[in-house]
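Asks: Pasting in a structure now, in structure tokens, and then I'll have a few things to ask.
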Amino acid sequence: MNITIRKLREEDVELLAQIEAESFSMPWSAKDFHDLLFRDYCLYVVAEVDGEVAGCAGLTNICKEGNIDNVVVAERFRRHGVARELLARLIALGEEQGIEAFTLEVRVSNTAAIGLYEKFGFVSEGIRPNFYERPNEDAMIMWRR
């Protein structure tokens, strides 16, 4: 598998919305992704595997803290290092832009994602009760400082 990471482009929007719909109970819409193109405080990267869009990851830069808003990989590309490559590039680009700390929320049951985030130096700093819907679930708050 040849994984390439690049910045979000307008032609990615519809396909990323489809990947979201297949992955999450409350997915982002094509409009949500499209709006990111015009927010200079948002940084989104897309993974291509052998030329096919496989997922994306992004953050919002708030006063030198990067809130990782979204990480999604199409099911057929999971467990092949795509999310790892997305996060590595996203964090590197964020640091180049002066981001000093990164944070995110993750479902407490998502042990695969939690394990990946821990490999990047994220640690749990608390729980947000009932943060997620469909199904209702707590979120673990993780930071990389």
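Please note that chains go A, B, ... in the order of the structure tokens, that every chain numbers its residues from 1, and that ligands are numbered from 1 in the order shown.
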Extract the full set of strand (DSSP E or B) residues from chain A according to DSSP on the backbone, and format it as a ChimeraX atom specification.

Replies: /A:3-7,42-49,52-62,65-73,101-107,123-132,137-144

Asks: What's around Asp40 (chain A) at 12 Å? Count only C-alpha atoms, leave out sequence neighbours fewer than 2 positions away in its own chain, and write the answer as a PDB file with N, CA, C and O atoms, in the first residue's frame.

Replies:
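Okay, this is what ended up in result_38.pdb:
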```pdb
ATOM      1  N   ASP A  35     -16.988  23.669   4.208  1.00  0.00           N
ATOM      2  CA  ASP A  35     -16.766  24.883   5.002  1.00  0.00           C
ATOM      3  C   ASP A  35     -15.340  24.963   5.551  1.00  0.00           C
ATOM      4  O   ASP A  35     -14.799  26.061   5.751  1.00  0.00           O
ATOM      5  N   LEU A  36     -14.704  23.818   5.785  1.00  0.00           N
ATOM      6  CA  LEU A  36     -13.342  23.803   6.318  1.00  0.00           C
ATOM      7  C   LEU A  36     -12.341  24.436   5.359  1.00  0.00           C
ATOM      8  O   LEU A  36     -11.309  24.954   5.784  1.00  0.00           O
ATOM      9  N   LEU A  37     -12.651  24.389   4.083  1.00  0.00           N
ATOM     10  CA  LEU A  37     -11.745  24.927   3.075  1.00  0.00           C
ATOM     11  C   LEU A  37     -11.531  26.434   3.238  1.00  0.00           C
ATOM     12  O   LEU A  37     -10.540  26.972   2.744  1.00  0.00           O
ATOM     13  N   PHE A  38     -12.461  27.090   3.921  1.00  0.00           N
ATOM     14  CA  PHE A  38     -12.429  28.552   4.021  1.00  0.00           C
ATOM     15  C   PHE A  38     -12.118  29.045   5.433  1.00  0.00           C
ATOM     16  O   PHE A  38     -12.227  30.231   5.707  1.00  0.00           O
ATOM     17  N   CYS A  42      -8.345  26.241  10.580  1.00  0.00           N
ATOM     18  CA  CYS A  42      -8.516  24.787  10.512  1.00  0.00           C
ATOM     19  C   CYS A  42      -7.473  24.195   9.578  1.00  0.00           C
ATOM     20  O   CYS A  42      -7.130  24.790   8.557  1.00  0.00           O
ATOM     21  N   LEU A  43      -6.984  23.035   9.931  1.00  0.00           N
ATOM     22  CA  LEU A  43      -5.984  22.325   9.144  1.00  0.00           C
ATOM     23  C   LEU A  43      -6.477  20.902   8.946  1.00  0.00           C
ATOM     24  O   LEU A  43      -6.657  20.179   9.938  1.00  0.00           O
ATOM     25  N   TYR A  44      -6.716  20.516   7.705  1.00  0.00           N
ATOM     26  CA  TYR A  44      -7.211  19.170   7.403  1.00  0.00           C
ATOM     27  C   TYR A  44      -6.343  18.512   6.350  1.00  0.00           C
ATOM     28  O   TYR A  44      -5.981  19.133   5.351  1.00  0.00           O
ATOM     29  N   LEU A  59      -7.740  19.472  12.463  1.00  0.00           N
ATOM     30  CA  LEU A  59      -7.752  20.158  13.746  1.00  0.00           C
ATOM     31  C   LEU A  59      -8.163  21.607  13.570  1.00  0.00           C
ATOM     32  O   LEU A  59      -8.113  22.164  12.473  1.00  0.00           O
ATOM     33  N   THR A  60      -8.556  22.183  14.690  1.00  0.00           N
ATOM     34  CA  THR A  60      -8.829  23.608  14.790  1.00  0.00           C
ATOM     35  C   THR A  60      -7.763  24.193  15.700  1.00  0.00           C
ATOM     36  O   THR A  60      -7.527  23.688  16.802  1.00  0.00           O
ATOM     37  N   ASN A  61      -7.098  25.243  15.221  1.00  0.00           N
ATOM     38  CA  ASN A  61      -6.041  25.904  15.972  1.00  0.00           C
ATOM     39  C   ASN A  61      -6.672  27.005  16.823  1.00  0.00           C
ATOM     40  O   ASN A  61      -7.162  27.999  16.303  1.00  0.00           O
ATOM     41  N   ILE A  62      -6.665  26.806  18.138  1.00  0.00           N
ATOM     42  CA  ILE A  62      -7.238  27.772  19.074  1.00  0.00           C
ATOM     43  C   ILE A  62      -6.123  28.221  20.012  1.00  0.00           C
ATOM     44  O   ILE A  62      -5.742  27.503  20.934  1.00  0.00           O
ATOM     45  N   GLN A  97       3.009  25.255  12.410  1.00  0.00           N
ATOM     46  CA  GLN A  97       2.185  26.460  12.532  1.00  0.00           C
ATOM     47  C   GLN A  97       2.191  27.028  13.949  1.00  0.00           C
ATOM     48  O   GLN A  97       1.439  27.942  14.256  1.00  0.00           O
TER      49      GLN A  97
END
```

Asks: When you look at Pro129 (chain A) with a cut-off of 10 Å (counting only C-alpha atoms), what residues show up, excluding the ones that are within fewer than 5 positions of it in the same chain? I need them as a PyMOL selection string.

Replies: chain A and resi 136-140

Asks: Given the selection you just returned, output its residues as a file containing C-alpha atoms, formatted as an mmCIF file, in the first residue's frame.

Replies:
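As a result, again-v6.cif now contains:
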```
data_model
loop_
_atom_site.group_PDB
_atom_site.id
_atom_site.type_symbol
_atom_site.label_atom_id
_atom_site.label_comp_id
_atom_site.auth_asym_id
_atom_site.auth_seq_id
_atom_site.Cartn_x
_atom_site.Cartn_y
_atom_site.Cartn_z
ATOM 1 C CA ASN A 136 -24.820 7.594 24.442
ATOM 2 C CA GLU A 137 -21.292 7.225 25.686
ATOM 3 C CA ASP A 138 -18.642 9.057 27.651
ATOM 4 C CA ALA A 139 -15.637 10.634 25.938
ATOM 5 C CA MET A 140 -12.095 10.367 27.138
#
```

Asks: Closest to Ala21 (chain A) among A:Ile5, A:Ala74, A:Val46, A:Val108, using only C-alpha atoms?

Replies: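 For Ala21 (chain A), the nearest of the given residues is A:Ala74.
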
Asks: Write out as a PyMOL selection string the residues lying within 10 Å of region 119-128 of chain A, counting only C-alpha atoms and excluding same-chain residues fewer than 2 positions away.

Replies: chain A and resi 84+87-88+91+101-108+113-117+130-132+137-145
